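Here's my_file-v3.csv, which has CSV, C-alpha atoms and all ligand atoms:
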```csv
chain,number,residue,atom,x,y,z
A,13,MET,CA,20.2,110.7,96.7
A,14,ILE,CA,19.2,113.2,94.1
A,15,GLN,CA,15.4,112.9,93.5
A,16,VAL,CA,14.8,113.2,89.7
A,17,ALA,CA,11.4,113.8,87.9
A,18,VAL,CA,11.0,113.3,84.2
A,19,ASN,CA,8.2,115.3,82.5
A,20,GLY,CA,7.6,114.0,79.0
A,21,TYR,CA,8.2,110.3,78.5
A,22,GLY,CA,8.9,110.0,74.7
A,23,THR,CA,12.1,109.5,72.7
A,24,ILE,CA,14.4,111.4,75.0
A,25,GLY,CA,12.4,111.2,78.3
A,26,LYS,CA,12.3,107.4,78.4
A,27,ARG,CA,16.0,107.1,77.8
A,28,VAL,CA,16.8,109.7,80.4
A,29,ALA,CA,14.6,108.0,82.9
A,30,ASP,CA,16.4,104.6,82.3
A,31,ALA,CA,19.8,106.3,82.6
A,32,VAL,CA,18.8,108.0,85.9
A,33,THR,CA,17.9,104.6,87.4
A,34,LEU,CA,21.4,103.4,86.7
A,35,GLN,CA,23.0,106.2,88.7
A,36,PRO,CA,24.1,105.3,92.3
A,37,ASP,CA,23.5,108.9,93.4
A,38,MET,CA,20.0,109.4,91.9
A,39,GLU,CA,16.5,108.1,92.3
A,40,LEU,CA,13.8,108.4,89.8
A,41,VAL,CA,10.7,109.8,91.5
A,42,GLY,CA,8.5,109.2,88.5
A,43,VAL,CA,7.6,110.2,85.0
A,44,ALA,CA,4.8,112.3,83.7
A,45,LYS,CA,2.9,111.4,80.5
A,46,THR,CA,-0.1,112.9,78.6
A,47,SER,CA,-1.6,109.7,77.2
A,48,PRO,CA,-1.9,106.1,78.2
A,49,ASN,CA,-0.1,104.6,75.2
A,50,HIS,CA,2.5,101.8,75.0
A,51,GLU,CA,5.1,104.0,76.6
A,52,ALA,CA,2.9,104.5,79.6
A,53,GLU,CA,2.6,100.8,79.8
A,54,LEU,CA,6.4,100.5,79.6
A,55,ALA,CA,6.8,103.0,82.5
A,56,VAL,CA,4.5,100.8,84.6
A,57,GLU,CA,6.3,97.6,83.6
A,58,ASN,CA,9.6,99.2,84.5
A,59,GLY,CA,8.2,100.1,88.0
A,60,TYR,CA,8.4,103.9,87.3
A,61,PRO,CA,5.7,105.8,89.2
A,62,LEU,CA,3.5,107.4,86.5
A,63,TYR,CA,2.0,110.8,86.8
A,64,ALA,CA,-0.6,112.6,84.7
A,65,ALA,CA,1.0,115.5,82.8
A,66,VAL,CA,-2.4,117.0,82.1
A,67,GLU,CA,-5.1,116.9,84.7
A,68,ASP,CA,-8.2,116.6,82.5
A,69,ARG,CA,-6.7,113.5,80.8
A,70,ILE,CA,-6.6,111.5,84.0
A,71,GLU,CA,-9.8,109.6,83.0
A,72,LEU,CA,-8.0,108.3,79.9
A,73,PHE,CA,-5.5,106.5,82.1
A,74,ASP,CA,-8.4,105.2,84.2
A,75,GLU,CA,-10.2,103.9,81.1
A,76,ALA,CA,-7.0,102.2,80.0
A,77,GLY,CA,-6.6,100.5,83.4
A,78,ILE,CA,-3.3,102.3,84.1
A,79,ASP,CA,-2.8,103.4,87.7
A,80,LEU,CA,-1.4,106.9,88.3
A,81,ALA,CA,0.7,108.0,91.2
A,82,GLY,CA,-0.6,111.6,91.0
A,83,THR,CA,-0.3,114.7,88.9
A,84,VAL,CA,2.7,116.3,87.4
A,85,ASN,CA,2.7,119.1,90.0
A,86,GLU,CA,3.0,116.5,92.8
A,87,LEU,CA,5.8,114.8,90.9
A,88,VAL,CA,7.8,118.0,90.4
A,89,GLU,CA,7.2,119.0,94.0
A,90,ALA,CA,8.6,115.8,95.3
A,91,ALA,CA,11.8,116.1,93.2
A,92,ASP,CA,15.1,117.9,93.6
A,93,ILE,CA,15.2,118.5,89.9
A,94,VAL,CA,13.0,118.0,86.9
A,95,VAL,CA,14.1,116.9,83.4
A,96,ASP,CA,11.6,118.4,80.9
A,97,ALA,CA,11.6,116.2,77.8
A,98,CYS,CA,8.4,117.5,76.3
A,99,PRO,CA,8.0,118.4,72.6
A,100,SER,CA,9.7,121.6,71.5
A,101,GLY,CA,7.9,124.7,73.0
A,102,ILE,CA,6.1,122.8,75.8
A,103,GLY,CA,9.1,123.1,78.0
A,104,ALA,CA,8.6,126.9,77.8
A,105,ASP,CA,5.0,126.5,78.8
A,106,ASN,CA,6.0,124.4,81.8
A,107,LYS,CA,8.7,126.8,83.1
A,108,SER,CA,6.2,128.8,85.3
A,109,MET,CA,5.1,125.6,87.0
A,110,TYR,CA,8.7,124.6,87.8
A,111,GLU,CA,9.3,128.2,89.2
A,112,GLU,CA,6.2,128.1,91.3
A,113,LEU,CA,7.2,124.7,92.8
A,114,ASP,CA,10.8,126.0,93.2
A,115,THR,CA,12.3,123.1,91.4
A,116,PRO,CA,15.3,123.6,89.1
A,117,ALA,CA,14.7,122.3,85.6
A,118,LEU,CA,16.6,120.9,82.6
A,119,TYR,CA,15.1,121.5,79.2
A,120,GLN,CA,16.0,119.9,75.8
A,121,GLY,CA,17.4,121.3,72.6
A,122,GLY,CA,14.0,122.1,71.1
A,123,GLU,CA,13.6,125.0,73.5
A,124,SER,CA,15.0,128.4,72.9
A,125,ALA,CA,18.3,129.4,74.4
A,126,ASP,CA,16.6,132.5,75.8
A,127,LEU,CA,14.4,130.4,78.0
A,128,VAL,CA,17.3,129.4,80.3
A,129,ASP,CA,20.2,130.7,82.4
A,130,THR,CA,22.7,128.6,80.4
A,131,SER,CA,22.9,126.0,77.6
A,132,PHE,CA,24.9,122.9,78.5
A,133,ASN,CA,27.4,120.4,77.2
A,134,ALA,CA,29.2,118.2,79.7
A,135,ARG,CA,32.5,118.3,77.8
A,136,ALA,CA,32.6,122.0,77.1
A,137,ASN,CA,30.9,124.1,79.8
A,138,TYR,CA,29.8,121.9,82.7
A,139,GLY,CA,30.6,124.5,85.4
A,140,ASP,CA,28.3,127.1,83.9
A,141,ALA,CA,25.2,125.1,85.0
A,142,GLU,CA,26.2,125.0,88.7
A,143,GLY,CA,23.4,126.6,90.8
A,144,ALA,CA,21.4,127.5,87.7
A,145,ASP,CA,17.6,127.2,87.9
A,146,HIS,CA,17.0,126.7,84.2
A,147,VAL,CA,19.4,124.8,82.0
A,148,ARG,CA,19.0,123.7,78.4
A,149,VAL,CA,20.9,120.5,77.3
A,150,VAL,CA,21.7,121.4,73.7
A,151,SER,CA,20.3,119.5,70.7
A,152,CYS,CA,21.7,116.2,69.4
A,153,ASN,CA,23.6,118.0,66.6
A,154,THR,CA,25.0,120.7,68.9
A,155,THR,CA,26.0,118.1,71.4
A,156,GLY,CA,27.9,116.2,68.7
A,157,LEU,CA,29.6,119.4,67.5
A,158,SER,CA,30.5,120.6,71.0
A,159,ARG,CA,32.2,117.3,71.8
A,160,LEU,CA,34.3,117.6,68.7
A,161,LEU,CA,35.1,121.3,68.8
A,162,ALA,CA,36.1,121.3,72.5
A,163,PRO,CA,39.3,119.2,72.2
A,164,LEU,CA,40.2,120.8,68.8
A,165,ASP,CA,39.8,124.3,70.3
A,166,GLU,CA,41.7,123.5,73.5
A,167,THR,CA,44.6,121.7,71.8
A,168,TYR,CA,45.1,123.7,68.6
A,169,GLY,CA,42.7,126.6,68.6
A,170,VAL,CA,39.9,126.9,66.0
A,171,GLU,CA,40.1,129.7,63.4
A,172,LYS,CA,36.8,128.8,61.8
A,173,ALA,CA,34.5,125.8,61.7
A,174,ARG,CA,32.4,125.0,58.6
A,175,VAL,CA,29.9,122.2,59.0
A,176,THR,CA,27.3,120.7,56.6
A,177,LEU,CA,24.7,118.7,58.5
A,178,VAL,CA,22.9,116.0,56.6
A,179,ARG,CA,19.9,115.5,58.9
A,180,ARG,CA,17.5,112.6,59.2
A,181,GLY,CA,14.0,113.6,58.1
A,182,GLY,CA,12.5,112.2,61.3
A,183,ASP,CA,13.0,109.6,64.1
A,184,PRO,CA,12.0,106.0,63.3
A,185,GLY,CA,8.7,106.5,65.1
A,186,GLN,CA,7.9,109.8,63.5
A,187,THR,CA,5.8,108.5,60.7
A,188,GLY,CA,4.4,111.9,59.8
A,189,ARG,CA,7.8,113.5,59.0
A,190,GLY,CA,9.7,113.6,55.8
A,191,PRO,CA,11.0,114.2,53.1
A,192,ILE,CA,9.8,110.9,51.6
A,193,ASN,CA,11.9,110.9,48.4
A,194,ASP,CA,13.9,114.1,48.3
A,195,ILE,CA,17.0,116.0,49.4
A,196,LEU,CA,16.1,119.4,50.9
A,197,PRO,CA,18.5,122.2,51.6
A,198,ASN,CA,16.9,123.0,55.0
A,199,PRO,CA,17.0,125.8,55.7
A,200,VAL,CA,17.8,127.0,52.2
A,201,THR,CA,19.3,130.2,53.8
A,202,LEU,CA,22.6,130.3,55.8
A,203,PRO,CA,23.4,129.8,58.5
A,204,SER,CA,21.3,126.9,59.7
A,205,HIS,CA,20.3,127.3,63.4
A,206,HIS,CA,23.1,124.9,64.4
A,207,GLY,CA,26.0,127.4,64.2
A,208,PRO,CA,24.3,130.0,66.4
A,209,ASP,CA,23.3,127.1,68.7
A,210,VAL,CA,27.0,126.0,69.0
A,211,ASN,CA,27.7,129.6,70.0
A,212,THR,CA,25.5,129.2,73.1
A,213,ILE,CA,28.3,126.8,74.2
A,214,PHE,CA,31.3,128.5,72.6
A,215,PRO,CA,30.4,132.2,72.4
A,216,ASP,CA,33.6,133.2,70.6
A,217,LEU,CA,33.9,130.4,68.1
A,218,SER,CA,33.6,131.3,64.4
A,219,ILE,CA,31.3,128.7,62.8
A,220,ASP,CA,29.2,128.5,59.7
A,221,THR,CA,26.7,125.7,59.3
A,222,LEU,CA,24.5,124.5,56.4
A,223,GLY,CA,21.7,122.0,56.8
A,224,LEU,CA,20.1,119.4,54.5
A,225,LYS,CA,17.3,117.0,55.2
A,226,VAL,CA,17.2,113.6,53.7
A,227,PRO,CA,14.8,110.6,53.7
A,228,ALA,CA,16.6,108.7,56.5
A,229,THR,CA,15.6,108.0,60.1
A,230,LEU,CA,18.6,106.4,61.8
A,231,MET,CA,21.2,109.1,62.3
A,232,HIS,CA,22.5,112.5,61.3
A,233,THR,CA,25.8,112.8,59.4
A,234,HIS,CA,28.1,115.8,59.7
A,235,SER,CA,30.6,116.8,57.1
A,236,VAL,CA,33.1,118.8,59.1
A,237,ASN,CA,35.9,121.3,58.1
A,238,VAL,CA,37.7,122.9,61.0
A,239,GLN,CA,40.4,125.5,60.1
A,240,LEU,CA,43.0,125.2,62.9
A,241,GLU,CA,45.0,128.1,64.3
A,242,PRO,CA,48.6,127.0,64.9
A,243,ASP,CA,51.6,128.2,63.1
A,244,PRO,CA,52.3,126.1,60.0
A,245,ALA,CA,55.2,124.5,61.9
A,246,ASP,CA,52.9,123.3,64.7
A,247,MET,CA,50.1,122.0,62.5
A,248,PRO,CA,49.1,118.5,63.6
A,249,SER,CA,49.2,115.5,61.3
A,250,ALA,CA,46.0,113.6,60.6
A,251,ASP,CA,47.3,110.9,62.9
A,252,GLU,CA,47.7,113.3,65.8
A,253,VAL,CA,44.1,114.6,65.4
A,254,ARG,CA,43.0,111.0,65.2
A,255,GLU,CA,44.8,110.2,68.5
A,256,LEU,CA,43.4,113.3,70.1
A,257,LEU,CA,39.8,112.4,69.2
A,258,ALA,CA,40.3,108.8,70.1
A,259,GLY,CA,41.3,109.9,73.6
A,260,GLU,CA,38.0,111.6,74.1
A,261,GLU,CA,35.5,109.7,76.3
A,262,ARG,CA,32.4,110.1,74.1
A,263,THR,CA,33.8,109.3,70.7
A,264,PHE,CA,33.6,106.0,68.8
A,265,MET,CA,36.4,105.9,66.2
A,266,VAL,CA,35.0,103.8,63.3
A,267,GLN,CA,38.0,101.9,62.0
A,268,PRO,CA,38.4,100.4,58.5
A,269,LYS,CA,38.5,96.9,60.1
A,270,HIS,CA,34.9,97.5,61.4
A,271,ASP,CA,33.6,97.6,57.8
A,272,ILE,CA,31.0,100.2,58.8
A,273,ASP,CA,30.0,102.3,55.9
A,274,GLY,CA,27.0,104.2,57.3
A,275,ALA,CA,24.3,104.6,59.9
A,276,GLY,CA,22.7,101.2,59.1
A,277,LYS,CA,25.8,99.3,60.1
A,278,LEU,CA,26.5,101.6,63.0
A,279,LYS,CA,23.0,100.8,64.4
A,280,GLU,CA,23.6,97.1,63.7
A,281,TYR,CA,26.9,97.3,65.6
A,282,ALA,CA,25.1,98.9,68.6
A,283,LEU,CA,22.4,96.2,68.6
A,284,ASP,CA,24.9,93.4,68.3
A,285,ARG,CA,26.6,94.7,71.4
A,286,GLY,CA,23.4,94.8,73.3
A,287,ARG,CA,23.0,98.5,73.5
A,288,PRO,CA,19.5,99.4,74.8
A,289,ARG,CA,17.3,100.4,71.8
A,290,GLY,CA,20.5,100.2,69.7
A,291,ASP,CA,21.6,103.5,71.1
A,292,LEU,CA,24.9,105.1,70.2
A,293,TRP,CA,25.6,107.7,72.8
A,294,GLU,CA,29.0,108.6,71.3
A,295,ASN,CA,30.0,110.7,68.3
A,296,CYS,CA,30.8,108.1,65.6
A,297,ILE,CA,33.8,109.5,63.8
A,298,TRP,CA,35.1,107.7,60.7
A,299,SER,CA,38.8,107.5,61.5
A,300,GLU,CA,39.8,107.3,57.8
A,301,SER,CA,38.0,110.5,57.0
A,302,ILE,CA,40.2,112.6,59.3
A,303,SER,CA,42.5,114.6,57.0
A,304,VAL,CA,44.6,117.6,57.4
A,305,GLU,CA,45.3,119.8,54.4
A,306,ASP,CA,47.4,122.9,55.1
A,307,ASP,CA,45.5,124.4,58.1
A,308,ASP,CA,42.2,122.6,57.4
A,309,CYS,CA,41.1,119.5,59.2
A,310,TYR,CA,38.3,117.4,57.7
A,311,LEU,CA,36.2,114.5,58.9
A,312,PHE,CA,32.8,112.8,58.8
A,313,GLN,CA,30.9,111.9,61.9
A,314,ALA,CA,27.5,110.3,62.5
A,315,ILE,CA,25.3,111.4,65.4
A,316,HIS,CA,22.5,109.2,66.9
A,317,GLN,CA,19.8,111.9,67.4
A,318,GLU,CA,17.8,109.8,69.9
A,319,SER,CA,20.5,109.1,72.4
A,320,ASP,CA,23.7,111.3,72.4
A,321,VAL,CA,22.0,113.9,74.7
A,322,VAL,CA,21.1,111.2,77.3
A,323,PRO,CA,24.4,111.1,79.2
A,324,GLU,CA,24.5,114.9,78.9
A,325,ASN,CA,21.2,115.1,80.8
A,326,VAL,CA,22.6,112.9,83.5
A,327,ASP,CA,25.7,115.1,83.9
A,328,ALA,CA,23.5,118.3,83.8
A,329,ILE,CA,21.6,117.0,86.8
A,330,ARG,CA,24.8,116.8,88.8
A,331,ALA,CA,26.1,120.1,87.5
A,332,VAL,CA,23.0,122.0,88.5
A,333,LEU,CA,23.0,120.6,92.0
A,334,GLY,CA,26.8,120.8,92.4
A,335,ALA,CA,26.8,117.1,93.1
A,336,ALA,CA,30.1,116.3,91.4
A,337,ASP,CA,32.7,118.0,89.3
A,338,ALA,CA,32.7,117.6,85.5
A,339,ALA,CA,35.3,114.8,85.3
A,340,GLU,CA,33.7,112.9,88.2
A,341,SER,CA,30.3,113.2,86.8
A,342,ARG,CA,31.2,112.2,83.2
A,343,ASP,CA,33.2,109.2,84.6
A,344,ARG,CA,30.3,108.0,86.7
A,345,THR,CA,27.8,108.4,83.8
A,346,ASN,CA,30.1,106.7,81.3
A,347,GLU,CA,30.7,103.8,83.6
A,348,THR,CA,27.1,103.2,84.7
A,349,MET,CA,25.6,103.6,81.2
A,350,GLY,CA,28.4,101.7,79.6
A,351,LEU,CA,29.8,104.4,77.2
A,352,GLY,CA,32.9,103.7,75.3
A,353,LEU,CA,33.1,101.5,72.2
A,401,LIG,P1,8.7,113.0,71.7
A,401,LIG,O1,7.6,113.5,70.9
A,401,LIG,O2,9.3,111.7,71.3
A,401,LIG,O3,8.4,112.9,73.2
A,401,LIG,C1,7.8,113.9,73.9
A,401,LIG,C2,6.8,113.3,74.9
A,401,LIG,O4,6.2,114.3,75.7
A,401,LIG,C3,5.7,112.5,74.2
A,401,LIG,O5,5.5,111.3,74.9
A,401,LIG,C4,4.5,113.4,74.4
A,401,LIG,O6,3.3,112.7,74.5
A,401,LIG,C5,4.8,114.1,75.7
A,401,LIG,N1,4.1,115.3,76.0
A,401,LIG,C6,3.5,116.1,75.1
A,401,LIG,N2,2.9,117.2,75.8
A,401,LIG,C7,3.3,117.1,77.1
A,401,LIG,C8,3.0,117.8,78.2
A,401,LIG,N3,2.3,119.0,78.2
A,401,LIG,N4,3.5,117.4,79.4
A,401,LIG,C9,4.2,116.2,79.5
A,401,LIG,N5,4.5,115.4,78.4
A,401,LIG,C10,4.0,115.9,77.2
A,401,LIG,O7,9.8,114.1,71.6
A,401,LIG,P2,11.4,114.0,71.8
A,401,LIG,O8,12.0,113.6,70.4
A,401,LIG,O9,11.7,113.1,73.0
A,401,LIG,O10,11.8,115.5,72.0
A,401,LIG,C11,11.7,116.1,73.3
A,401,LIG,C12,12.7,117.2,73.3
A,401,LIG,O11,14.0,116.7,73.1
A,401,LIG,C13,12.5,118.3,72.3
A,401,LIG,O12,12.9,119.6,72.8
A,401,LIG,C14,13.4,117.9,71.2
A,401,LIG,O13,13.8,119.0,70.3
A,401,LIG,C15,14.6,117.4,72.0
A,401,LIG,N6,15.5,116.5,71.3
A,401,LIG,C16,15.0,115.5,70.5
A,401,LIG,C17,15.8,114.7,69.8
A,401,LIG,C18,15.3,113.7,68.8
A,401,LIG,O14,16.0,113.4,67.8
A,401,LIG,N7,14.3,113.0,69.1
A,401,LIG,C19,17.2,114.9,70.0
A,401,LIG,C20,17.7,115.8,70.9
A,401,LIG,C21,16.8,116.6,71.5
```
Represent the supplied structure as structure tokens.
Amino acid sequence: MIQVAVNGYGTIGKRVADAVTLQPDMELVGVAKTSPNHEAELAVENGYPLYAAVEDRIELFDEAGIDLAGTVNELVEAADIVVDACPSGIGADNKSMYEELDTPALYQGGESADLVDTSFNARANYGDAEGADHVRVVSCNTTGLSRLLAPLDETYGVEKARVTLVRRGGDPGQTGRGPINDILPNPVTLPSHHGPDVNTIFPDLSIDTLGLKVPATLMHTHSVNVQLEPDPADMPSADEVRELLAGEERTFMVQPKHDIDGAGKLKEYALDRGRPRGDLWENCIWSESISVEDDDCYLFQAIHQESDVVPENVDAIRAVLGAADAAESRDRTNETMGLGL
């Protein structure tokens, strides 16, 4: 059994912890938190041993009547691997602790690619993480783009990808983020950080990305143009691209019959089907949007920022420890979490 620690029990950390408990080959040693808020109570209710992330905050947990199992150092020491799901930049601060305790670590997309031995996406470069000490599971947007570009590149070759990312201003719980009533080119200069981030997974891919931020919380939306490589005679039809993407494990092809016109209905769909927290782990691709004009393929996809990286973290655990090959790991993760809509 792989002993897994989760340091940082917020949006991503609590989902990863839950997913780890579903794995037949993993055991959650515990989770570390900085404050005794409602999420700390949830961890206790779930039976997850709770550790103090910061020693001088232990008394806050005592005052709140929440029992601690120990400190984060003890948690990390007891684990085979730690998933760091702290806010951006804190993972970098934690790296020396993981090194001192000789525990391999996964970080999230908010950390810099320079921090780690390799960036990771289970569909595109699973093998690169094997035996690595420090691995970054790329951001929600880069995960969504990697899952899309991998099959297109393998099957047809990609001459150039051009993507406009319409990004939610903040997660539903991030009350301090915006914009409130605006549409921001963000960043106003090109490229947005997403293209270079995709290149941490596909070093040779030519990609330009533009970013916008809008007053939404539910999901991101990508407007995608991928210029394909084949000779004109071999250019796929839109139906062939549709079939290719439908055959991928972590895509949800939104069909006209679903009558889903945006993120609101996608989330409703997930909630109606009993998805935990209304999570959508898959790329949600509007089937009708897939078009091929000359050598250009176009589509729209929605990405649930809070959850698409969760199965990737589970796979990255196995990749780092050499516990399964890519297909085996993805299958196990998909089956236990219930991916596939
Ligand atoms: P979050 O703020 O929801 O959760 C972070 C948790 O870590 C909070 O509970 C916070 O109290 C805790 N924390 C703060 N300092 C800590 C410390 N020193 N030790 C332990 N815990 C500490 O953040 P999040 O959205 O889960 O993001 C975590 C990482 O995941 C970031 O790198 C982020 O860029 C990345 N990410 C976030 C999203 C998203 O949309 N939320 C998507 C993909 C990747």
Interface rows for stretch 183-258 of chain A against stretch 278-299 of chain A: nearest pair, Å to one decimal, 12 Å, all atoms listed in the file, as CSV:
```
residue,atom,partner,partner_atom,distance
A:Pro184,CA,A:Arg289,CA,11.5
A:Thr229,CA,A:Lys279,CA,11.2
A:Leu230,CA,A:Lys279,CA,7.6
A:Met231,CA,A:Lys279,CA,8.7
A:His232,CA,A:Cys296,CA,10.3
A:Thr233,CA,A:Cys296,CA,9.2
A:His234,CA,A:Ile297,CA,9.4
A:Ser235,CA,A:Ile297,CA,10.4
A:Val236,CA,A:Ile297,CA,10.4
A:Ala250,CA,A:Ser299,CA,9.5
A:Asp251,CA,A:Ser299,CA,9.3
A:Glu252,CA,A:Ser299,CA,11.5
A:Val253,CA,A:Ser299,CA,9.7
A:Arg254,CA,A:Ser299,CA,6.6
A:Glu255,CA,A:Ser299,CA,9.6
A:Leu256,CA,A:Ser299,CA,11.3
A:Leu257,CA,A:Ile297,CA,8.6
A:Ala258,CA,A:Ser299,CA,8.8
```
Can you list every residue of stretch 218-288 of chain A that has an atom at most 9 Å from stretch 200-208 of chain A, with its nearest atom pair and the distance in Å to one decimal, using only C-alpha atoms, ordered by chain then number, as a tab-separated table?
```
residue	atom	partner	partner_atom	distance
A:Ser218	CA	A:Gly207	CA	8.5
A:Ile219	CA	A:Gly207	CA	5.6
A:Asp220	CA	A:Gly207	CA	5.6
A:Thr221	CA	A:Gly207	CA	5.2
A:Leu222	CA	A:Ser204	CA	5.2
A:Gly223	CA	A:Ser204	CA	5.7
A:Leu224	CA	A:Val200	CA	8.3
```
Hey, can you check how far atom CA of A:Glu39 sits from atom N1 of ligand LIG 401 (chain A)?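 About the pair atom CA of A:Glu39 and atom N1 of ligand LIG 401 (chain A): they are 21.7 Å apart.
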Of the candidates A:Gly139, A:Pro268, A:Gly182, A:Gly101, which one gets nearest to A:Gly122 if we count all atoms listed in the file?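 When distances to A:Gly122 are compared using all atoms listed in the file, the smallest one comes from A:Gly101.
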Check every protein, DNA and RNA residue against ligand LIG 401 (chain A), keep those with an atom at most 7 Å away (counting only C-alpha atoms and all ligand atoms), and present them as a ChimeraX atom specification. /A:19-25,44-47,65-66,97-100,102,120-123,151-152,183,317-318,321
Nearest to A:Asp37, chosen from A:Val84, A:Ala141, A:Val16, A:Leu196, with only C-alpha atoms counted in the distances: A:Val16
Using only C-alpha atoms, tabulate the residues of stretch 94-209 of chain A lying at most 8 Å from any atom of stretch 335-348 of chain A, each with its closest atom pair and that distance in Å to one decimal, by chain and increasing residue number, as a tab-separated table.
```
residue	atom	partner	partner_atom	distance
A:Ala134	CA	A:Ala338	CA	6.8
A:Arg135	CA	A:Ala338	CA	7.7
A:Tyr138	CA	A:Ala338	CA	5.9
A:Gly139	CA	A:Ala338	CA	7.2
```
Preceding selection exported with C-alpha atoms as a compact mmCIF listing (two decimals), in the frame of the given file:
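Wrote result.txt, looks like this:
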```txt
# COMPACT_ATOMS: atom_id res chain seq x y z
CA ALA A 134 29.20 118.20 79.70
CA ARG A 135 32.50 118.30 77.80
CA TYR A 138 29.80 121.90 82.70
CA GLY A 139 30.60 124.50 85.40
```
Quote the spacing between atom CA of A:Glu260 and atom CA of A:Ala245 in Å to one decimal place.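 Distance reported for this atom pair: 24.7 Å.
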Separation of atom CA of A:Asp165 and atom CA of A:Asp209, in Å? 16.8 Å
Pick out the closest residue to A:Arg330 from this set: A:Val95, A:Val41, A:Leu54, A:Ala64. Count only C-alpha atoms.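 With only C-alpha atoms as the atom set, the closest residue is A:Val95.
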Please reconstruct the missing atoms of stretch 42-53 of chain A (target: N, CA and C atoms) and return them as a PDB file, in the coordinates of the input.
```
ATOM      1  N   GLY A  42       9.600 109.624  89.405  1.00  0.00           N
ATOM      2  CA  GLY A  42       8.500 109.200  88.500  1.00  0.00           C
ATOM      3  C   GLY A  42       8.624 109.904  87.196  1.00  0.00           C
ATOM      4  N   VAL A  43       7.686 109.532  86.299  1.00  0.00           N
ATOM      5  CA  VAL A  43       7.600 110.200  85.000  1.00  0.00           C
ATOM      6  C   VAL A  43       6.224 110.634  84.723  1.00  0.00           C
ATOM      7  N   ALA A  44       6.097 111.738  83.980  1.00  0.00           N
ATOM      8  CA  ALA A  44       4.800 112.300  83.700  1.00  0.00           C
ATOM      9  C   ALA A  44       4.486 112.095  82.178  1.00  0.00           C
ATOM     10  N   LYS A  45       3.262 111.670  81.887  1.00  0.00           N
ATOM     11  CA  LYS A  45       2.900 111.400  80.500  1.00  0.00           C
ATOM     12  C   LYS A  45       1.485 112.047  80.233  1.00  0.00           C
ATOM     13  N   THR A  46       1.238 112.339  78.954  1.00  0.00           N
ATOM     14  CA  THR A  46      -0.100 112.900  78.600  1.00  0.00           C
ATOM     15  C   THR A  46      -1.077 111.839  78.202  1.00  0.00           C
ATOM     16  N   SER A  47      -0.590 110.711  77.671  1.00  0.00           N
ATOM     17  CA  SER A  47      -1.600 109.700  77.200  1.00  0.00           C
ATOM     18  C   SER A  47      -1.150 108.305  77.585  1.00  0.00           C
ATOM     19  N   PRO A  48      -2.166 107.441  77.744  1.00  0.00           N
ATOM     20  CA  PRO A  48      -1.900 106.100  78.200  1.00  0.00           C
ATOM     21  C   PRO A  48      -1.507 105.142  77.068  1.00  0.00           C
ATOM     22  N   ASN A  49      -0.461 105.476  76.338  1.00  0.00           N
ATOM     23  CA  ASN A  49      -0.100 104.600  75.200  1.00  0.00           C
ATOM     24  C   ASN A  49       0.911 103.550  75.610  1.00  0.00           C
ATOM     25  N   HIS A  50       1.571 102.930  74.643  1.00  0.00           N
ATOM     26  CA  HIS A  50       2.500 101.800  75.000  1.00  0.00           C
ATOM     27  C   HIS A  50       3.643 102.259  75.841  1.00  0.00           C
ATOM     28  N   GLU A  51       4.021 103.537  75.714  1.00  0.00           N
ATOM     29  CA  GLU A  51       5.100 104.000  76.600  1.00  0.00           C
ATOM     30  C   GLU A  51       4.687 104.147  78.014  1.00  0.00           C
ATOM     31  N   ALA A  52       3.414 104.488  78.213  1.00  0.00           N
ATOM     32  CA  ALA A  52       2.900 104.500  79.600  1.00  0.00           C
ATOM     33  C   ALA A  52       2.913 103.124  80.187  1.00  0.00           C
ATOM     34  N   GLU A  53       2.545 102.151  79.365  1.00  0.00           N
ATOM     35  CA  GLU A  53       2.600 100.800  79.800  1.00  0.00           C
ATOM     36  C   GLU A  53       4.027 100.355  80.187  1.00  0.00           C
TER      37      GLU A  53
END
```
